[in-house]
file my_file07.csv (CSV, C-alpha atoms)
chain,number,residue,atom,x,y,z
A,1,MET,CA,0.0,0.0,0.0
A,2,ASN,CA,1.6,3.2,-1.1
A,3,TRP,CA,1.1,6.7,0.3
A,4,GLU,CA,-1.4,7.7,-2.4
A,5,GLU,CA,-3.5,4.6,-1.7
A,6,GLN,CA,-3.5,5.4,2.0
A,7,LEU,CA,-4.9,8.8,1.3
A,8,LYS,CA,-7.4,7.4,-1.1
A,9,ILE,CA,-8.6,4.9,1.6
A,10,GLN,CA,-9.2,7.9,3.9
A,11,ALA,CA,-11.0,9.8,1.1
A,12,PHE,CA,-13.1,6.7,0.5
A,13,LEU,CA,-14.1,6.7,4.2
A,14,ASP,CA,-15.0,10.4,4.0
A,15,GLY,CA,-17.0,9.9,0.8
A,16,GLN,CA,-14.7,12.3,-1.1
A,17,LEU,CA,-13.6,9.9,-3.9
A,18,PRO,CA,-15.1,10.1,-7.4
A,19,PRO,CA,-17.2,6.9,-8.1
A,20,ASP,CA,-14.6,5.2,-10.4
A,21,GLU,CA,-11.8,5.6,-7.9
A,22,ALA,CA,-14.1,4.5,-5.1
A,23,VAL,CA,-14.7,1.2,-7.0
A,24,SER,CA,-11.0,0.5,-7.3
A,25,ILE,CA,-10.4,1.3,-3.6
A,26,ALA,CA,-13.3,-1.0,-2.6
A,27,ASP,CA,-11.5,-3.7,-4.6
A,28,LEU,CA,-8.2,-3.0,-2.8
A,29,LEU,CA,-9.9,-3.2,0.6
A,30,GLN,CA,-11.4,-6.6,-0.4
A,31,ARG,CA,-8.0,-8.2,-1.2
A,32,ASP,CA,-5.6,-6.3,1.1
A,33,SER,CA,-5.9,-6.9,4.9
A,34,ALA,CA,-3.5,-4.1,5.7
A,35,ALA,CA,-5.7,-1.7,3.7
A,36,SER,CA,-8.9,-2.8,5.5
A,37,ALA,CA,-7.1,-2.6,8.9
A,38,LEU,CA,-6.2,1.0,8.1
A,39,LEU,CA,-9.7,1.8,7.1
A,40,ALA,CA,-11.0,0.3,10.4
A,41,GLU,CA,-8.5,2.4,12.4
A,42,LEU,CA,-9.4,5.6,10.5
A,43,ARG,CA,-13.1,4.9,11.0
A,44,ALA,CA,-12.8,4.3,14.7
A,45,THR,CA,-10.8,7.5,15.2
A,46,ARG,CA,-13.3,9.5,13.2
A,47,GLN,CA,-16.1,8.2,15.2
A,48,ALA,CA,-14.3,8.8,18.5
A,49,VAL,CA,-13.5,12.4,17.7
A,50,ARG,CA,-17.0,13.2,16.4
A,51,SER,CA,-18.7,11.7,19.4
A,52,ALA,CA,-16.3,13.5,21.8
A,53,GLN,CA,-17.2,17.0,20.9
A,54,ALA,CA,-18.0,18.4,24.3
A,55,PRO,CA,-20.7,21.1,24.6
A,56,VAL,CA,-18.9,24.3,25.7
A,57,VAL,CA,-20.8,26.8,27.9
A,58,LEU,CA,-19.4,30.3,28.5
A,59,THR,CA,-19.1,31.2,32.1
A,60,GLU,CA,-19.4,35.0,31.5
A,61,SER,CA,-22.8,36.4,32.1
A,62,ARG,CA,-24.8,37.5,29.0
A,63,GLU,CA,-24.5,41.2,30.1
A,64,PHE,CA,-20.7,41.0,30.7
A,65,TYR,CA,-20.0,39.2,27.4
A,66,TRP,CA,-22.3,41.6,25.4
A,67,SER,CA,-20.9,44.8,27.0
A,68,LYS,CA,-17.5,44.4,25.3
A,69,ILE,CA,-19.1,43.7,21.9
A,70,ALA,CA,-21.5,46.7,22.3
A,71,ARG,CA,-18.6,48.9,23.2
A,72,ASP,CA,-16.5,47.8,20.2
A,73,ILE,CA,-19.5,48.2,17.9
A,74,ALA,CA,-20.1,51.7,19.2
A,75,ARG,CA,-16.4,52.5,18.8
A,76,SER,CA,-16.2,51.2,15.3
A,77,GLU,CA,-19.3,53.0,14.2
A,78,ARG,CA,-17.9,56.3,15.5
A,79,ARG,CA,-15.0,55.7,13.2
A,80,PHE,CA,-16.8,54.1,10.3
A,81,PRO,CA,-20.5,54.7,10.5
A,82,VAL,CA,-22.5,51.8,9.3
A,83,ARG,CA,-25.6,52.8,7.4
A,84,PRO,CA,-28.4,50.2,7.9
A,85,LYS,CA,-30.0,48.9,4.7
A,86,PRO,CA,-33.1,51.0,4.1
A,87,ASN,CA,-36.4,49.2,4.1
A,88,LEU,CA,-39.1,49.5,1.3
A,89,MET,CA,-40.3,52.9,2.6
A,90,GLY,CA,-36.8,54.2,3.0
A,91,ARG,CA,-35.9,53.1,-0.6
A,92,LEU,CA,-39.1,54.8,-1.9
A,93,ARG,CA,-38.1,57.9,0.0
A,94,ILE,CA,-34.7,57.9,-1.7
A,95,LEU,CA,-36.4,57.7,-5.1
A,96,VAL,CA,-39.0,60.4,-4.4
A,97,LEU,CA,-36.6,63.4,-4.5
A,98,PRO,CA,-35.1,62.7,-8.0
A,99,ILE,CA,-38.5,61.8,-9.4
A,100,ALA,CA,-40.1,65.0,-8.0
A,101,ALA,CA,-37.2,67.0,-9.5
A,102,LEU,CA,-37.7,65.4,-12.9
A,103,VAL,CA,-41.5,66.0,-12.8
A,104,VAL,CA,-40.9,69.7,-12.0
A,105,LEU,CA,-38.4,70.0,-14.9
A,106,VAL,CA,-40.8,68.3,-17.3
A,107,ILE,CA,-43.7,70.7,-16.2
A,108,VAL,CA,-41.5,73.8,-16.6
A,109,GLY,CA,-40.3,72.6,-20.0
A,110,LEU,CA,-43.8,71.9,-21.3
A,111,SER,CA,-45.2,75.1,-20.0
A,112,LEU,CA,-42.4,77.1,-21.7
A,113,HIS,CA,-43.0,75.2,-24.9
A,114,PHE,CA,-46.8,75.9,-24.9
A,115,HIS,CA,-46.2,79.5,-23.8
A,116,ASN,CA,-44.0,80.1,-26.9
A,117,GLN,CA,-46.6,78.6,-29.2
A,118,THR,CA,-49.6,80.7,-27.9
A,119,THR,CA,-47.8,84.1,-27.6
A,120,PRO,CA,-48.3,86.2,-30.9
A,121,LYS,CA,-45.0,86.9,-32.7
A,122,VAL,CA,-43.9,90.5,-33.3
A,123,ALA,CA,-45.1,91.6,-36.8
A,124,THR,CA,-42.4,91.9,-39.4
A,125,GLY,CA,-41.6,95.4,-40.5
A,126,ALA,CA,-42.7,97.0,-37.3
A,127,THR,CA,-41.2,100.3,-36.4
A,128,PRO,CA,-37.9,99.7,-34.7
A,129,PRO,CA,-37.3,101.4,-31.4
A,130,ALA,CA,-36.0,104.9,-31.7
A,131,PRO,CA,-32.2,105.1,-31.5
A,132,THR,CA,-30.9,106.7,-28.5
A,133,ASP,CA,-28.1,108.5,-30.4
A,134,PRO,CA,-29.4,112.1,-31.2
A,135,LYS,CA,-27.4,112.3,-34.4
A,136,LEU,CA,-29.0,109.1,-35.8
A,137,ALA,CA,-32.4,110.5,-34.8
A,138,ILE,CA,-31.9,113.6,-36.9
A,139,THR,CA,-30.8,111.6,-39.9
A,140,GLU,CA,-33.9,109.5,-39.8
A,141,THR,CA,-36.1,112.5,-39.6
A,142,THR,CA,-34.3,113.9,-42.6
A,143,ASN,CA,-34.9,110.8,-44.6
A,144,THR,CA,-38.6,110.8,-43.8
A,145,THR,CA,-38.8,114.3,-45.0
A,146,LEU,CA,-37.1,113.5,-48.3
A,147,VAL,CA,-39.4,110.6,-49.1
A,148,LYS,CA,-42.4,112.8,-48.6
B,1,MET,CA,-39.4,46.2,21.4
B,2,SER,CA,-39.1,44.2,24.6
B,3,GLY,CA,-36.6,41.4,25.3
B,4,THR,CA,-39.4,38.9,25.4
B,5,ALA,CA,-40.5,39.8,21.9
B,6,TYR,CA,-36.9,39.2,20.6
B,7,SER,CA,-36.7,35.9,22.3
B,8,THR,CA,-39.8,34.6,20.4
B,9,MET,CA,-38.4,35.6,17.0
B,10,ASP,CA,-36.4,33.1,14.9
B,11,ASP,CA,-32.9,33.9,13.6
B,12,ARG,CA,-34.1,35.1,10.3
B,13,GLU,CA,-36.4,37.7,11.8
B,14,LEU,CA,-33.7,38.8,14.2
B,15,VAL,CA,-31.2,39.2,11.4
B,16,SER,CA,-33.7,41.2,9.4
B,17,GLN,CA,-34.2,43.5,12.4
B,18,ALA,CA,-30.5,43.8,13.1
B,19,ARG,CA,-29.8,44.7,9.4
B,20,SER,CA,-32.0,47.8,9.8
B,21,GLY,CA,-29.8,48.9,12.8
B,22,ASP,CA,-31.7,47.2,15.6
B,23,LEU,CA,-28.8,46.4,18.1
B,24,PRO,CA,-31.0,44.6,20.8
B,25,ALA,CA,-32.0,42.2,18.0
B,26,PHE,CA,-28.4,41.5,17.4
B,27,GLU,CA,-27.8,41.1,21.1
B,28,GLU,CA,-30.4,38.3,21.1
B,29,LEU,CA,-28.5,36.5,18.3
B,30,VAL,CA,-25.3,36.8,20.3
B,31,ALA,CA,-27.0,35.3,23.4
B,32,ARG,CA,-28.3,32.4,21.3
B,33,HIS,CA,-25.1,31.4,19.6
B,34,ARG,CA,-22.3,32.7,21.8
B,35,ASP,CA,-21.4,29.3,23.2
B,36,LYS,CA,-21.0,27.7,19.8
B,37,ILE,CA,-18.9,30.6,18.5
B,38,PHE,CA,-16.7,30.5,21.6
B,39,ALA,CA,-16.4,26.7,21.4
B,40,ARG,CA,-15.1,26.9,17.8
B,41,ALA,CA,-12.5,29.5,18.7
B,42,LEU,CA,-11.5,27.4,21.7
B,43,SER,CA,-11.2,24.1,19.8
B,44,LEU,CA,-8.8,25.9,17.4
B,45,THR,CA,-6.7,28.0,19.8
B,46,ARG,CA,-7.0,25.9,22.9
B,47,ASN,CA,-6.7,29.0,25.0
B,48,GLU,CA,-9.8,30.3,26.9
B,49,ASP,CA,-8.7,34.0,27.0
B,50,GLU,CA,-7.8,34.1,23.3
B,51,ALA,CA,-11.0,32.2,22.4
B,52,LEU,CA,-13.1,34.6,24.4
B,53,GLU,CA,-11.5,37.7,22.7
B,54,LEU,CA,-11.7,36.1,19.3
B,55,SER,CA,-15.4,35.2,19.7
B,56,GLN,CA,-16.2,38.8,20.8
B,57,THR,CA,-14.3,40.2,17.8
B,58,ALA,CA,-16.2,37.8,15.6
B,59,TRP,CA,-19.5,39.3,16.8
B,60,VAL,CA,-18.3,42.8,16.1
B,61,LYS,CA,-17.3,41.7,12.5
B,62,GLY,CA,-20.6,40.0,12.2
B,63,TRP,CA,-22.5,43.2,12.9
B,64,GLN,CA,-20.3,45.1,10.5
B,65,ARG,CA,-20.8,42.6,7.7
B,66,LEU,CA,-24.5,41.9,8.3
B,67,GLN,CA,-25.4,43.4,5.0
B,68,GLN,CA,-23.3,40.7,3.3
B,69,PHE,CA,-25.2,37.8,4.9
B,70,GLN,CA,-27.1,36.2,2.1
B,71,GLY,CA,-28.9,33.6,4.2
B,72,GLU,CA,-27.9,30.6,2.1
B,73,ALA,CA,-26.5,29.0,5.2
B,74,GLY,CA,-27.9,29.5,8.7
B,75,PHE,CA,-26.8,32.6,10.7
B,76,ALA,CA,-24.9,30.4,13.2
B,77,THR,CA,-23.0,28.7,10.3
B,78,TRP,CA,-22.1,32.1,8.8
B,79,MET,CA,-20.9,33.4,12.2
B,80,THR,CA,-18.9,30.2,12.7
B,81,ARG,CA,-17.0,30.8,9.4
B,82,ILE,CA,-16.2,34.3,10.6
B,83,VAL,CA,-14.7,33.0,13.9
B,84,ILE,CA,-12.8,30.2,12.1
B,85,ASN,CA,-11.2,32.8,9.8
B,86,LEU,CA,-10.3,35.1,12.7
B,87,SER,CA,-8.9,32.2,14.7
B,88,LEU,CA,-6.8,31.0,11.7
B,89,ASP,CA,-5.4,34.5,11.2
B,90,HIS,CA,-4.6,34.6,14.9
B,91,LEU,CA,-2.8,31.3,14.7
B,92,ARG,CA,-0.9,32.3,11.6
B,93,ARG,CA,0.3,35.4,13.4
B,94,GLN,CA,1.4,33.2,16.4
B,95,LYS,CA,3.1,30.8,14.0
B,96,ARG,CA,5.2,33.5,12.4
B,97,GLN,CA,6.4,34.5,15.9
B,98,ARG,CA,7.6,31.0,16.8
B,99,THR,CA,9.3,30.0,13.5
B,100,ASP,CA,12.1,28.2,15.2
B,101,SER,CA,10.2,26.0,17.5
B,102,LEU,CA,10.1,22.2,17.2
B,103,GLU,CA,6.4,22.3,16.4
B,104,ALA,CA,6.9,24.6,13.5
B,105,LEU,CA,9.7,22.3,12.2
B,106,ALA,CA,7.3,19.3,12.3
B,107,GLU,CA,4.6,21.3,10.5
B,108,ALA,CA,7.1,22.3,7.8
B,109,HIS,CA,7.5,18.6,7.0
B,110,GLU,CA,3.7,18.1,7.0
B,111,GLY,CA,4.3,15.6,9.9
B,112,ARG,CA,4.3,12.6,7.5
B,113,GLU,CA,4.9,9.6,9.6
B,114,PRO,CA,4.1,6.6,7.4
B,115,ASP,CA,5.7,4.2,9.8
B,116,LEU,CA,3.0,4.5,12.5
B,117,PRO,CA,1.6,1.0,13.1
B,118,VAL,CA,-2.0,0.5,12.4
B,119,ILE,CA,-4.1,0.2,15.6
B,120,THR,CA,-6.2,-2.9,15.3
B,121,GLU,CA,-8.3,-2.5,18.5
B,122,ASN,CA,-10.7,0.3,19.0
B,123,PRO,CA,-8.7,2.4,21.5
B,124,THR,CA,-11.8,4.2,22.9
B,125,ALA,CA,-13.9,1.0,23.4
B,126,GLY,CA,-15.4,0.8,26.9
B,127,LEU,CA,-14.8,4.5,27.7
B,128,GLU,CA,-17.5,6.5,29.4
B,129,ARG,CA,-18.6,9.6,27.4
B,130,GLN,CA,-17.1,12.0,29.8
B,131,GLU,CA,-13.8,10.2,29.9
B,132,LEU,CA,-13.8,9.8,26.2
B,133,ARG,CA,-14.2,13.6,25.8
B,134,ARG,CA,-11.3,14.3,28.2
B,135,VAL,CA,-9.0,11.8,26.5
B,136,ILE,CA,-9.8,13.1,23.0
B,137,ASP,CA,-9.4,16.7,24.1
B,138,GLU,CA,-6.0,15.9,25.5
B,139,ALA,CA,-5.0,14.1,22.3
B,140,LEU,CA,-6.2,17.0,20.2
B,141,GLY,CA,-4.0,19.3,22.4
B,142,GLN,CA,-1.0,17.2,21.3
B,143,LEU,CA,-1.5,17.7,17.6
B,144,SER,CA,0.2,20.6,15.8
B,145,VAL,CA,-2.0,23.6,15.0
B,146,ASP,CA,-2.4,22.7,11.3
B,147,HIS,CA,-3.3,19.1,11.9
B,148,ARG,CA,-5.7,20.0,14.7
B,149,THR,CA,-7.3,22.7,12.5
B,150,VAL,CA,-8.0,20.3,9.7
B,151,LEU,CA,-9.4,17.7,12.0
B,152,VAL,CA,-11.7,20.2,13.8
B,153,LEU,CA,-12.9,21.6,10.5
B,154,HIS,CA,-13.6,18.2,9.1
B,155,GLU,CA,-15.0,16.4,12.1
B,156,PHE,CA,-16.7,19.2,14.0
B,157,GLU,CA,-17.8,21.5,11.2
B,158,ASP,CA,-18.4,18.8,8.7
B,159,MET,CA,-16.4,20.7,6.0
B,160,ASP,CA,-15.3,18.8,2.9
B,161,TYR,CA,-11.7,18.8,1.7
B,162,LYS,CA,-12.3,21.5,-0.8
B,163,ASP,CA,-13.8,23.9,1.7
B,164,ILE,CA,-11.0,23.2,4.2
B,165,ALA,CA,-8.4,23.9,1.5
B,166,LYS,CA,-10.1,27.2,0.7
B,167,THR,CA,-10.4,28.2,4.4
B,168,MET,CA,-6.8,27.3,5.2
B,169,ASP,CA,-5.4,28.6,1.9
B,170,CYS,CA,-3.6,25.4,1.0
B,171,SER,CA,-3.9,22.6,-1.6
B,172,LEU,CA,-6.3,19.7,-1.5
B,173,GLY,CA,-3.3,17.3,-1.2
B,174,THR,CA,-2.1,19.1,1.9
B,175,VAL,CA,-5.5,18.9,3.5
B,176,MET,CA,-5.7,15.1,2.8
B,177,SER,CA,-2.2,14.6,4.1
B,178,ARG,CA,-2.8,16.7,7.3
B,179,LEU,CA,-6.1,15.0,8.0
B,180,PHE,CA,-4.5,11.5,7.5
B,181,TYR,CA,-1.6,12.3,9.8
B,182,ALA,CA,-3.9,13.9,12.4
B,183,ARG,CA,-6.1,10.8,12.5
B,184,ARG,CA,-3.3,8.4,12.7
B,185,LYS,CA,-1.6,10.4,15.4
B,186,MET,CA,-4.9,10.5,17.4
B,187,ALA,CA,-5.2,6.8,17.1
B,188,SER,CA,-1.7,6.2,18.4
B,189,LEU,CA,-2.2,8.6,21.2
B,190,LEU,CA,-5.4,7.0,22.2
B,191,ALA,CA,-3.8,3.5,22.0
B,192,VAL,CA,-0.9,4.7,24.3
B,193,TRP,CA,-3.5,6.1,26.7
B,194,GLN,CA,-5.4,2.9,26.8
B,195,LYS,CA,-2.3,0.8,27.5
B,196,GLU,CA,-1.2,3.1,30.3
B,197,SER,CA,-4.6,3.1,31.9
call {"tool": "encode", "arguments": {"input": "my_file07.csv", "output": "structure tokens"}}
result
Amino acid sequence: MNWEEQLKIQAFLDGQLPPDEAVSIADLLQRDSAASALLAELRATRQAVRSAQAPVVLTESREFYWSKIARDIARSERRFPVRPKPNLMGRLRILVLPIAALVVLVIVGLSLHFHNQTTPKVATGATPPAPTDPKLAITETTNTTLVK
Amino acid sequence: MSGTAYSTMDDRELVSQARSGDLPAFEELVARHRDKIFARALSLTRNEDEALELSQTAWVKGWQRLQQFQGEAGFATWMTRIVINLSLDHLRRQKRQRTDSLEALAEAHEGREPDLPVITENPTAGLERQELRRVIDEALGQLSVDHRTVLVLHEFEDMDYKDIAKTMDCSLGTVMSRLFYARRKMASLLAVWQKES
């Protein structure tokens, strides 16, 4: 029995061998007494260890044990505040602000659009506003006189 | 919410409350599972003070990472993984500090001892449960950290080889070899104990 076979016997015991290898190890166990003795030893040890897991009970009181945890949580949150995951209402509230802003923008945009459509345009050829420069004003007056 | 109300909730409800920032709900989870979390740290470190501190640190980490808990496994299983990882990190730090000890030397060779004779009689036959626990505990204490860790993860946590390899950051072959050695060593320690008694 070589080292690899020994490890495979263990994997066979733990159900960690692929089916084809499990068949060949089962065959080895049938014909090799040393291999089956090893399997028996590994099985007995596994059973002993598993059954010997003792229940452990902390002697510290609930309050005392918790107090250090609570203190460390408070300290860590002062340094790195943990934001709790928002519930459904919280998530909706997060969405309300951007949606409201979008709605306002759409309303303003639409009202501007319709306002431009309904306001009468300035007629073409309307009298331009009088220039503020007095010299220009004189020239215009002169031109008017000449046409007449 | 009163303490009585929390005690009637199941873990899933408490986790949900705690995720929205309810610290007393988390306290109830701690009270429910603290023994198991401490026990796992203790089985790996074999030091009560260290295990106590590691278990408390695990709870703080649990609170901080609660949003990452997906609920595929139970809450206690999820917390156990946290304390296992913390304990392994702690043991690695310790190992780095004692590089020249005999134990470290043995671990460097993966403790392969193919010459151990096969124990043909069940060494724990006839032992009372209490006695068996004490003997197994003593034998576990004589294993190296790496061998004990593999054994604890496999036998107590029911982890498969692949999971252990991932948790311990080593190859599948190393896990198989460590587990094999740990079991054979346990068998021989138990046989010696039986002969002496």
call {"tool": "interface_residues", "arguments": {"input": "my_file07.csv", "of": "chain B", "to": "chain A", "cutoff": "8 Å", "atoms": "all atoms listed in the file", "output": "MDAnalysis selection string"}}
result
chainID B and resid 19:21 27 30:31 34:36 38:39 56:57 59:60 63:64 67 114 118:122 124 129 132:133 136:137 155:156 160:161 176:177 180 183:184 186:187
call {"tool": "atom_distance", "arguments": {"input": "my_file07.csv", "atom1": "atom CA of Asp169 of chain B", "atom2": "atom CA of Leu88 of chain B"}}
result
10.2 Å
call {"tool": "atom_distance", "arguments": {"input": "my_file07.csv", "atom1": "atom CA of Ser55 of chain B", "atom2": "atom CA of Ala41 of chain B"}}
result
6.5 Å
call {"tool": "atom_distance", "arguments": {"input": "my_file07.csv", "atom1": "atom CA of Leu189 of chain B", "atom2": "atom CA of Ser36 of chain A"}}
result
20.5 Å
call {"tool": "residues_near_point", "arguments": {"input": "my_file07.csv", "point": "(-18.1, 29.8, 16.6)", "cutoff": "10 Å", "atoms": "all atoms listed in the file", "output": "PDB file with C-alpha atoms, keeping the file's coordinate frame"}}
result
ATOM      1  CA  HIS B  33     -25.100  31.400  19.600  1.00  0.00           C
ATOM      2  CA  ARG B  34     -22.300  32.700  21.800  1.00  0.00           C
ATOM      3  CA  ASP B  35     -21.400  29.300  23.200  1.00  0.00           C
ATOM      4  CA  LYS B  36     -21.000  27.700  19.800  1.00  0.00           C
ATOM      5  CA  ILE B  37     -18.900  30.600  18.500  1.00  0.00           C
ATOM      6  CA  PHE B  38     -16.700  30.500  21.600  1.00  0.00           C
ATOM      7  CA  ALA B  39     -16.400  26.700  21.400  1.00  0.00           C
ATOM      8  CA  ARG B  40     -15.100  26.900  17.800  1.00  0.00           C
ATOM      9  CA  ALA B  41     -12.500  29.500  18.700  1.00  0.00           C
ATOM     10  CA  LEU B  42     -11.500  27.400  21.700  1.00  0.00           C
ATOM     11  CA  SER B  43     -11.200  24.100  19.800  1.00  0.00           C
ATOM     12  CA  ALA B  51     -11.000  32.200  22.400  1.00  0.00           C
ATOM     13  CA  LEU B  54     -11.700  36.100  19.300  1.00  0.00           C
ATOM     14  CA  SER B  55     -15.400  35.200  19.700  1.00  0.00           C
ATOM     15  CA  ALA B  58     -16.200  37.800  15.600  1.00  0.00           C
ATOM     16  CA  TRP B  59     -19.500  39.300  16.800  1.00  0.00           C
ATOM     17  CA  ALA B  76     -24.900  30.400  13.200  1.00  0.00           C
ATOM     18  CA  THR B  77     -23.000  28.700  10.300  1.00  0.00           C
ATOM     19  CA  TRP B  78     -22.100  32.100   8.800  1.00  0.00           C
ATOM     20  CA  MET B  79     -20.900  33.400  12.200  1.00  0.00           C
ATOM     21  CA  THR B  80     -18.900  30.200  12.700  1.00  0.00           C
ATOM     22  CA  ARG B  81     -17.000  30.800   9.400  1.00  0.00           C
ATOM     23  CA  ILE B  82     -16.200  34.300  10.600  1.00  0.00           C
ATOM     24  CA  VAL B  83     -14.700  33.000  13.900  1.00  0.00           C
ATOM     25  CA  ILE B  84     -12.800  30.200  12.100  1.00  0.00           C
ATOM     26  CA  SER B  87      -8.900  32.200  14.700  1.00  0.00           C
ATOM     27  CA  GLU B 157     -17.800  21.500  11.200  1.00  0.00           C
TER      28      GLU B 157
END
call {"tool": "closest_residue", "arguments": {"input": "my_file07.csv", "among": "B:Glu131, B:Leu140, B:Thr167, B:Leu172", "to": "Gln194 of chain B", "atoms": "only C-alpha atoms"}}
result
B:Glu131
call {"tool": "residues_around", "arguments": {"input": "my_file07.csv", "residues": "segment 11-14 of chain B", "least_positions_apart": "4", "cutoff": "10 Å", "atoms": "only C-alpha atoms", "output": "VMD selection string"}}
result
chain B and resid 6 to 7 18 to 19 22 to 29 32 71 74 to 76
call {"tool": "closest_residue", "arguments": {"input": "my_file07.csv", "among": "B:Leu86, B:Val15, B:Arg46, B:Ser188", "to": "Gln68 of chain B", "atoms": "all atoms listed in the file"}}
result
B:Val15
call {"tool": "build_atoms", "arguments": {"input": "my_file07.csv", "residues": "segment 100-106 of chain A", "atoms": "all heavy atoms", "output": "short mmCIF file (atom, residue, chain, number, x, y, z; two decimals), keeping the file's coordinate frame"}}
result
data_model
loop_
_atom_site.label_atom_id
_atom_site.label_comp_id
_atom_site.auth_asym_id
_atom_site.auth_seq_id
_atom_site.Cartn_x
_atom_site.Cartn_y
_atom_site.Cartn_z
N ALA A 100 -39.37 63.70 -8.16
CA ALA A 100 -40.10 65.00 -8.00
C ALA A 100 -39.33 66.06 -8.83
O ALA A 100 -39.96 66.87 -9.53
CB ALA A 100 -40.13 65.38 -6.55
N ALA A 101 -37.99 66.05 -8.76
CA ALA A 101 -37.20 67.00 -9.50
C ALA A 101 -37.44 66.88 -11.01
O ALA A 101 -37.59 67.87 -11.74
CB ALA A 101 -35.73 66.89 -9.18
N LEU A 102 -37.49 65.64 -11.46
CA LEU A 102 -37.70 65.40 -12.90
C LEU A 102 -39.09 65.84 -13.32
O LEU A 102 -39.24 66.45 -14.39
CB LEU A 102 -37.58 63.83 -13.11
CG LEU A 102 -37.43 63.39 -14.55
CD1 LEU A 102 -36.08 63.85 -15.11
CD2 LEU A 102 -37.52 61.87 -14.66
N VAL A 103 -40.09 65.58 -12.48
CA VAL A 103 -41.50 66.00 -12.80
C VAL A 103 -41.53 67.52 -12.93
O VAL A 103 -42.12 68.07 -13.87
CB VAL A 103 -42.46 65.48 -11.73
CG1 VAL A 103 -43.82 66.13 -11.88
CG2 VAL A 103 -42.59 63.96 -11.85
N VAL A 104 -40.90 68.23 -11.99
CA VAL A 104 -40.90 69.70 -12.00
C VAL A 104 -40.25 70.20 -13.32
O VAL A 104 -40.77 71.09 -14.00
CB VAL A 104 -40.18 70.27 -10.78
CG1 VAL A 104 -39.91 71.77 -10.93
CG2 VAL A 104 -41.01 70.01 -9.52
N LEU A 105 -39.12 69.58 -13.68
CA LEU A 105 -38.40 70.00 -14.90
C LEU A 105 -39.29 69.78 -16.13
O LEU A 105 -39.35 70.63 -17.02
CB LEU A 105 -37.12 69.19 -15.05
CG LEU A 105 -35.94 69.69 -14.23
CD1 LEU A 105 -34.76 68.73 -14.37
CD2 LEU A 105 -35.51 71.09 -14.70
N VAL A 106 -39.98 68.64 -16.16
CA VAL A 106 -40.80 68.30 -17.30
C VAL A 106 -41.97 69.37 -17.40
O VAL A 106 -42.28 69.91 -18.48
CB VAL A 106 -41.41 66.90 -17.21
CG1 VAL A 106 -42.51 66.67 -18.23
CG2 VAL A 106 -40.29 65.89 -17.42
#
